[in-house]
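Below is one structure, written out as structure tokens, with a few remarks after it.
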Amino acid sequence: MNWDDLRIIAAVRDEGTYAGASARLRIDETTVGRRLARIQRDLGVPLFDAVDGLRRPTRHCEAVLEHVGAMAAHVAAIDRIGESQPGPVGRLRIASTNAVAEELLAPHACAFLRDHPGLTLQFLTSSGNVKFSRWQADLAIRLRKPEKGDFTISKLGEVRLYFFEPIDFGGGEPVVCGFPDELDAIPEAQYLRARRLTNARSVTDNVRIVRTMIQSHQAVGVLPEHSCGGLLSDHSLRATLLPRRRDVWLLVQNHLKRDPATRLTIEWVRHCFRDLSRD
């Protein structure tokens, strides 16, 4: 068995299908199935069960992947041997939404990297949650708390939310900016329902789209404080602070919790969020 074999096991576990693992590892799907069959034959135990069209890891698979996590930490440590930079050395992949990366992390990133020349940050972003798995990110920032997972979860803070509406709309009704159905439980969506603003004609989870539409003074919507920009000082808009805030969570891969570079980066991320919960 080699490191590539272990990557296949982890990829099938994370993606749930041979096709997904194939796309992630960029190898043929039949190769994934053939090599996994050989691995299971060599180990003498089943690693996956087929359930509702997905590959579910067995207890044997979970035991194997516990060792894989420890091996990944050792590989990262080997990569740092011989580095001449002072202080912790490492490359940390941070998964977050676009808005969090652009408006909370990026403004502080240059100072952090200048102070720690041995560190490199890789930002993995999307309008929604970037998938957090052992092989795709080291840290992740989530606006919804995951129910469970093989990682450490801690609360970063609480984000204030504002509802914006034009003070003097020229006629008719402003466009309501709503959220996809899968986000019905978030405070923003609940507030819109409480205001009976359920006729959303713009549906998105991208706060930049909502902000741009609010800036036109022809739409109503809810934004997190860090995405408001100059809207709070726009006298043509009425801003209402929502009674509830949005929790922000930090996810860290378990095998990196004691890594010096990771610990330093965690403290930096917490610093970026420090002002959010202040009244």
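As shown in the structure tokens, the chain order sets the letters A, B, ...; within each chain, residues go from 1, and ligands are also counted from 1 in the order they appear.
If you count only C-alpha atoms and ignore residues fewer than 3 places along the chain from region 54-62 of chain A, what sits within 8 Å of it is A:Ile9, A:Val12, A:Arg13, A:Gly16, A:Thr17, A:Val45, A:Pro46, A:Leu47, A:Phe48, A:Asp49, A:Ala50, A:Val51, A:Leu65, A:Glu66.
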Could you give me, as an MDAnalysis selection string, the residues within 12 Å of Ser154 (chain A), counting only C-alpha atoms and dropping anything in the same chain fewer than 5 positions from it? chainID A and resid 139:146 247:253 257 266 269:270
Output all heavy atoms for every residue in the selection just made, as a compact mmCIF listing (two decimals), in the first residue's frame.
# COMPACT_ATOMS: atom_id res chain seq x y z
N LEU A 139 -8.43 24.83 7.34
CA LEU A 139 -9.35 25.55 8.20
C LEU A 139 -10.55 25.97 7.37
O LEU A 139 -10.44 26.15 6.15
CB LEU A 139 -8.71 26.82 8.79
CG LEU A 139 -7.63 26.70 9.86
CD1 LEU A 139 -6.29 26.33 9.24
CD2 LEU A 139 -7.47 28.02 10.59
N ALA A 140 -11.70 26.11 8.01
CA ALA A 140 -12.88 26.59 7.30
C ALA A 140 -13.67 27.51 8.22
O ALA A 140 -13.72 27.29 9.44
CB ALA A 140 -13.76 25.44 6.83
N ILE A 141 -14.26 28.53 7.63
CA ILE A 141 -15.09 29.47 8.38
C ILE A 141 -16.52 29.28 7.88
O ILE A 141 -16.78 29.41 6.68
CB ILE A 141 -14.62 30.92 8.17
CG1 ILE A 141 -13.20 31.08 8.70
CG2 ILE A 141 -15.57 31.90 8.87
CD1 ILE A 141 -12.52 32.35 8.28
N ARG A 142 -17.41 28.96 8.79
CA ARG A 142 -18.78 28.65 8.42
C ARG A 142 -19.75 29.59 9.14
O ARG A 142 -19.56 29.93 10.31
CB ARG A 142 -19.12 27.21 8.81
CG ARG A 142 -18.43 26.16 7.93
CD ARG A 142 -19.18 25.97 6.63
NE ARG A 142 -18.49 25.01 5.77
CZ ARG A 142 -18.67 23.70 5.82
NH1 ARG A 142 -19.47 23.18 6.72
NH2 ARG A 142 -18.03 22.92 4.98
N LEU A 143 -20.81 29.95 8.43
CA LEU A 143 -21.87 30.77 9.03
C LEU A 143 -23.01 29.90 9.55
O LEU A 143 -23.99 30.42 10.06
CB LEU A 143 -22.40 31.77 7.99
CG LEU A 143 -21.36 32.76 7.46
CD1 LEU A 143 -21.99 33.70 6.45
CD2 LEU A 143 -20.74 33.55 8.60
N ARG A 144 -22.87 28.61 9.40
CA ARG A 144 -23.80 27.65 10.01
C ARG A 144 -22.99 26.55 10.68
O ARG A 144 -22.02 26.05 10.11
CB ARG A 144 -24.73 27.04 8.96
CG ARG A 144 -25.84 27.96 8.51
CD ARG A 144 -26.81 27.25 7.59
NE ARG A 144 -26.20 26.96 6.30
CZ ARG A 144 -26.79 26.23 5.35
NH1 ARG A 144 -27.96 25.70 5.57
NH2 ARG A 144 -26.18 26.03 4.19
N LYS A 145 -23.37 26.16 11.86
CA LYS A 145 -22.61 25.16 12.61
C LYS A 145 -22.86 23.77 12.03
O LYS A 145 -24.02 23.33 11.95
CB LYS A 145 -23.01 25.19 14.08
CG LYS A 145 -22.18 24.24 14.95
CD LYS A 145 -22.59 24.34 16.41
CE LYS A 145 -21.73 23.43 17.28
NZ LYS A 145 -22.12 23.50 18.71
N PRO A 146 -21.81 23.07 11.62
CA PRO A 146 -22.00 21.70 11.13
C PRO A 146 -22.51 20.82 12.27
O PRO A 146 -22.15 21.01 13.43
CB PRO A 146 -20.60 21.29 10.69
CG PRO A 146 -19.84 22.57 10.55
CD PRO A 146 -20.42 23.51 11.55
N ASP A 247 -24.26 33.41 13.88
CA ASP A 247 -23.07 32.81 14.48
C ASP A 247 -22.05 32.46 13.40
O ASP A 247 -22.40 32.07 12.28
CB ASP A 247 -23.43 31.53 15.24
CG ASP A 247 -24.27 31.81 16.48
OD1 ASP A 247 -24.23 32.96 16.97
OD2 ASP A 247 -24.97 30.89 16.94
N VAL A 248 -20.78 32.61 13.76
CA VAL A 248 -19.68 32.26 12.85
C VAL A 248 -18.84 31.19 13.53
O VAL A 248 -18.47 31.34 14.71
CB VAL A 248 -18.81 33.48 12.51
CG1 VAL A 248 -17.78 33.11 11.45
CG2 VAL A 248 -19.66 34.64 12.03
N TRP A 249 -18.49 30.14 12.80
CA TRP A 249 -17.79 28.99 13.38
C TRP A 249 -16.48 28.74 12.63
O TRP A 249 -16.39 28.93 11.43
CB TRP A 249 -18.67 27.74 13.30
CG TRP A 249 -19.98 27.92 13.99
CD1 TRP A 249 -21.16 28.39 13.45
CD2 TRP A 249 -20.26 27.69 15.37
NE1 TRP A 249 -22.13 28.45 14.40
CE2 TRP A 249 -21.61 28.03 15.59
CE3 TRP A 249 -19.49 27.24 16.44
CZ2 TRP A 249 -22.22 27.91 16.84
CZ3 TRP A 249 -20.08 27.11 17.68
CH2 TRP A 249 -21.43 27.45 17.88
N LEU A 250 -15.49 28.29 13.40
CA LEU A 250 -14.20 27.93 12.83
C LEU A 250 -14.02 26.42 12.93
O LEU A 250 -14.17 25.83 14.00
CB LEU A 250 -13.06 28.62 13.59
CG LEU A 250 -11.64 28.25 13.14
CD1 LEU A 250 -11.40 28.71 11.71
CD2 LEU A 250 -10.60 28.86 14.07
N LEU A 251 -13.70 25.79 11.80
CA LEU A 251 -13.44 24.36 11.74
C LEU A 251 -11.95 24.16 11.49
O LEU A 251 -11.36 24.82 10.62
CB LEU A 251 -14.23 23.71 10.60
CG LEU A 251 -15.73 23.46 10.78
CD1 LEU A 251 -16.49 24.74 11.06
CD2 LEU A 251 -16.30 22.80 9.53
N VAL A 252 -11.35 23.24 12.24
CA VAL A 252 -9.92 22.96 12.10
C VAL A 252 -9.73 21.45 12.03
O VAL A 252 -10.31 20.70 12.82
CB VAL A 252 -9.12 23.52 13.31
CG1 VAL A 252 -7.64 23.23 13.14
CG2 VAL A 252 -9.36 25.01 13.47
N GLN A 253 -8.93 21.02 11.07
CA GLN A 253 -8.64 19.59 10.97
C GLN A 253 -7.93 19.13 12.24
O GLN A 253 -7.00 19.78 12.73
CB GLN A 253 -7.74 19.33 9.75
CG GLN A 253 -8.37 19.69 8.42
CD GLN A 253 -9.51 18.75 8.02
OE1 GLN A 253 -9.85 17.84 8.77
NE2 GLN A 253 -10.08 18.97 6.86
N LYS A 257 -4.26 20.58 14.89
CA LYS A 257 -4.56 21.41 16.07
C LYS A 257 -3.31 21.87 16.81
O LYS A 257 -3.28 22.98 17.35
CB LYS A 257 -5.48 20.65 17.03
CG LYS A 257 -6.90 20.50 16.56
CD LYS A 257 -7.79 19.93 17.65
CE LYS A 257 -7.32 18.56 18.10
NZ LYS A 257 -8.23 17.97 19.12
N ILE A 266 -4.81 30.37 13.31
CA ILE A 266 -6.09 30.40 14.04
C ILE A 266 -6.21 31.68 14.85
O ILE A 266 -7.26 32.34 14.86
CB ILE A 266 -6.21 29.16 14.95
CG1 ILE A 266 -6.40 27.90 14.11
CG2 ILE A 266 -7.37 29.33 15.94
CD1 ILE A 266 -6.34 26.62 14.91
N VAL A 269 -7.03 34.51 12.49
CA VAL A 269 -8.43 34.48 12.07
C VAL A 269 -9.32 35.03 13.18
O VAL A 269 -10.23 35.82 12.93
CB VAL A 269 -8.86 33.04 11.69
CG1 VAL A 269 -10.38 32.97 11.50
CG2 VAL A 269 -8.14 32.59 10.43
N ARG A 270 -9.04 34.64 14.41
CA ARG A 270 -9.83 35.15 15.54
C ARG A 270 -9.68 36.67 15.66
O ARG A 270 -10.65 37.38 15.97
CB ARG A 270 -9.42 34.46 16.84
CG ARG A 270 -9.82 33.00 16.89
CD ARG A 270 -9.71 32.42 18.29
NE ARG A 270 -10.23 31.07 18.32
CZ ARG A 270 -11.52 30.77 18.38
NH1 ARG A 270 -12.41 31.73 18.44
NH2 ARG A 270 -11.92 29.51 18.41
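Between CA of Arg245 (chain A) and CA of Arg263 (chain A) the separation is 27.0 Å.
Shortest atom-to-atom contact with Ile209 (chain A) among A:Asn98, A:Arg238, A:Arg195, A:Ala185: A:Asn98, counting only C-alpha atoms.
Considering the residues A:Gly172, A:Gly221, A:Pro166, A:Pro260 and counting only C-alpha atoms, Asp234 (chain A) has its shortest atom-to-atom contact with A:Pro166.
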Identify all residues of region 20-85 of chain A in helix (DSSP H, G or I) (DSSP on the backbone) and supply them as a VMD selection string. chain A and resid 20 to 25 29 to 43 59 to 80
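With only C-alpha atoms as the atoms that count, the minimum distance from Arg91 (chain A) to the choices A:Asp181, A:Glu225, A:Asp138, A:Glu29 is reached by A:Asp138.
A straight line drawn from CA of Arg41 (chain A) to CA of Asp150 (chain A) is 26.3 Å long.
CA of Ala261 (chain A) is positioned 28.4 Å from CA of Arg246 (chain A).
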Test item: residues at most 9 Å from Ala73 (chain A), only C-alpha atoms, excluding those fewer than 5 positions along its chain, as number ranges by chain: A: 68, 78, 255-256, 259
Nearest to Ala72 (chain A) by atom-to-atom distance, counting only C-alpha atoms, from A:Phe273, A:Phe163, A:Trp3, A:Phe151: A:Trp3
